[in-house]
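Report on the structure given below.
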Amino acid sequence: MYIYGTPRQKTFGKYLVNNKIKMTKKTRLSFSSISLENKEEKKRTTKSSTYQYAKKRFGPNRQSRSFDPKNQYKNAKGIKIPSPEKGVIRIIPLGGVEEIGKNMTAVEIGDDIIVIDAGMHFSNEATPGVDYVIPNTTYLEERKDKIRALIITHGHLDHIGGVPIVLSRIGNPPVYSRNLSILMMRKRQVEFPHLPVMRENIVEKDSVITCGKIKVRFFGVTHTIPDSMGIIIETEHGWIVTPGDYKLDQVDGIVSQEEEKEYSIFDKAKVLLLMTDSTNIENEGFALPEVKVHQGLENLIRKIRGRIIIAAFASHITRLAHVVKVAEALGKKIALDGRSMKTNIEVAIETGLFQPRKGTIIPIEEVGNYPPNKVVILMTGAQGEEFAALNRAANKSHTKFSLRKGDTIILSASIIPGNELQVQKMKDGLSRQGVKIISYRTPGEDFVHATGHGNQEDIKWLHRKTHPKFFIPIHGHHYHLELHKELALELGMSEENIVVPDNGSIIEISSDGQKIMARREKAPAGLMMVDGSSVGDAQDIVIRDRVMLAQDGMFVIIALLDQKTGKLKKSPDLISRGFVYLKENQELLRQVRIIIKKSIEDAAAKMPARPNYGGNMVDFDIIKANLGESISKFLYQKTAKRPLVIPVILSV
Ligand SMILES: [Zn+2]
Ligand SMILES: [Zn+2]
């Protein structure tokens, strides 16, 4: 499950860049310490031209609290990982196992590598301002010539979001998936016109393909998006099975005939390894079947007299299609709001999932032309995302639509952990406008949401059905994976047959098919950040600066030094953003100016005399370093804050 959404706005990065550019343009002096034009300087300044007071031995460094350089930004580059020995099967989860999101797993057998899924997730507090994060592809980039296929289980962004960039980095291997997923990838690929064309191959759930020497087959699974499929990789010791995201098509624990039939391929199969979803491992019982949600929404659409606004994940295509069908049957018009909502409904129509009559879907601007009980509006933004349609309606910044007393909002989604506060704020904004809100927690109402991932009983059923020899839990935070391991133990698996992976773990099944274990080395697993037009795993300094700026702001010093005399030409300029309000801190600034003057002039005086130069040759790096350190220390002593200090020294 994943949401389409607007990447967060970038604030700090741009500010900084703008400032840099502005300063260098304005002065055009040879020695701007952050000049972008000076080639020699450029290398050094991209490393670091900022200072922040670090209280090394006393108390915690604030950086370490929210910025964890440990495994996030370190790569095991340079460590040579040998090819698997003959007959050994290697499994490398490259994403999705220390998190929910950016799923990707590689399977390497002999000379062939098959990659399963290439997802993304949106940035969080650890990666402020970054557009999104994709799995680390370094291991695959180093073995491009062995990659035979990228196989996609289904069209959610945590499985396809990284596809365009991942493909371009791993040699553009052929992509295999079912119809809808390929269509969704095609839509996404359009946003990357500069990248090579995707080599797409549509498969059916009963197709069999050969990738290098490996035979791969598929099976259909139930999820919140049509055309979801599981993958079976055949090996000489049995099948490697991964269902992707799934829940069971069941009612009251009785699994449907079609589902039983789909999984009956495992009855006589020898399953060597199962890798499967741990997202809902904490939830007891079976997952609520989607059909109950369809029924619940249908009841509400019939019952409610006023306008109905349904906010849902745009990726819940099956549910959205059902809503459109029901509304149409009741003679209501449907308005779509939010880019991803429109795109996904378009995709669903293109694939023939449903065919609304002409005129059923109306533009949001025309909603006012119909009586309230003749309109259903589908919106994005059930998570309170800042720029999504529903949130704009809630804070009255929506230009084409406004709420009215008597409207009913159905939040057909659960709240993703971490979004609670913004959803609460949005609900406040909505209720101020006199609308009724029905959420999946509203008691006594019909069901309006169900998860797309199996709960404990679905998971147990799948384990029993596939009866694997080995097991690797995937899709979940580490805690989820451990719980999933416990469940497998309860079901009778032995501990040595289970490996709980981290991103980048290299897991091997021995050539006789009898043992599974993780190697000591790991594949690089540092975050690959997509930030504007750049992609990479080495932007830790940029991110660190953003974290610091967000915490304590910045403080820029601009000083003009006369190289001949070694004295400042005038009192230095000071700029503070997000640190202290300058007008109210005149005394602090006065002291800062004294320190700047003393620090620069003392340092300049110590430079060795250069007789041919008519004065002292001044080393700006040393002066800046001294200045940055003494000012950041002073500011910390006075304010207990650690702003990012940027010294700029200009010379005449
Ligand atoms: Zn998923
Ligand atoms: Zn999914």
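Labels for the structure tokens follow display order: chains A, B, ..., residues from 1 in each chain, ligands from 1.
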With only C-alpha atoms and all ligand atoms counted, collect every polymer residue having an atom within 12 Å of ligand 1; state the result as a PyMOL selection string.
chain A and resi 1-3+95-97+99-104+117-121+152-161+223-225+228+243-247+276-280+315+451-454+474-476
Who sits within 9 Å of A:Leu430, only C-alpha atoms, same chain under 5 positions skipped, as a list in words:
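Once the adjacent positions are removed, what remains is Leu390, Asn391, Ala393, Ala394, Asn395, Leu403, Ile409, Lys425, Val435, Lys436 and Ile437 of chain A.
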Report as a ChimeraX atom specification all protein, DNA and RNA residues lying within 9 Å of A:Arg593, evaluated on only C-alpha atoms, omitting residues in the same chain fewer than 6 positions from it.
/A:571-574
Using all heavy atoms, can you write the selected residues to a file as a compact mmCIF listing (two decimals), in the first residue's frame?
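Saved as again_26.txt:
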```
# COMPACT_ATOMS: atom_id res chain seq x y z
N SER A 571 32.53 47.40 9.65
CA SER A 571 31.90 46.47 10.59
C SER A 571 31.24 45.33 9.82
O SER A 571 30.56 45.56 8.82
CB SER A 571 30.86 47.24 11.40
OG SER A 571 30.24 46.37 12.31
N PRO A 572 31.43 44.07 10.23
CA PRO A 572 30.90 42.94 9.45
C PRO A 572 29.37 42.90 9.40
O PRO A 572 28.71 43.34 10.34
CB PRO A 572 31.43 41.71 10.19
CG PRO A 572 31.92 42.18 11.50
CD PRO A 572 32.20 43.64 11.41
N ASP A 573 28.84 42.39 8.27
CA ASP A 573 27.39 42.20 8.15
C ASP A 573 27.01 40.86 8.75
O ASP A 573 27.71 39.87 8.56
CB ASP A 573 26.97 42.19 6.67
CG ASP A 573 27.09 43.58 6.06
OD1 ASP A 573 26.93 44.55 6.83
OD2 ASP A 573 27.34 43.67 4.84
N LEU A 574 25.86 40.85 9.43
CA LEU A 574 25.41 39.60 10.05
C LEU A 574 23.99 39.29 9.57
O LEU A 574 23.15 40.16 9.48
CB LEU A 574 25.40 39.76 11.58
CG LEU A 574 26.74 40.17 12.19
CD1 LEU A 574 26.59 40.42 13.68
CD2 LEU A 574 27.81 39.11 11.94
```
Which of A:Asn201, A:Ser207, A:Thr380, A:Ser264 sits closest to A:Val175 [using only C-alpha atoms]:
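Of the candidates, the smallest distance to A:Val175 is held by A:Asn201.
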Residue contacts of A:Leu336 (9 Å, only C-alpha atoms) excluding same-chain residues fewer than 3 positions away, as a list in words
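Counting only C-alpha atoms, the residues come to Arg339, Met341, Lys342, Ile345, Ile361, Ile362, Pro363, Ile364, Val376, Ile377, Leu378, Met379 and Thr380 of chain A.
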Pick from A:Ile114, A:Leu483, A:Ile92, A:Val221: nearest to ligand 2, with only C-alpha atoms and all ligand atoms counted?
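So, comparing all the options, the nearest one is A:Val221.
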Using only C-alpha atoms: which of A:Pro647, A:Gly285, A:Gly504, A:Gly359 has the shortest distance to A:Trp461:
A:Gly285
Selected residue of minimal separation from A:Lys569 among A:Ala450, A:Ile600, A:Ile89, A:Ala488, counting only C-alpha atoms
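Result for the nearest residue to A:Lys569: A:Ile600.
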Gap from atom CA of A:Gly368 to atom CA of A:Arg319 - Å, one decimal:
25.1 Å
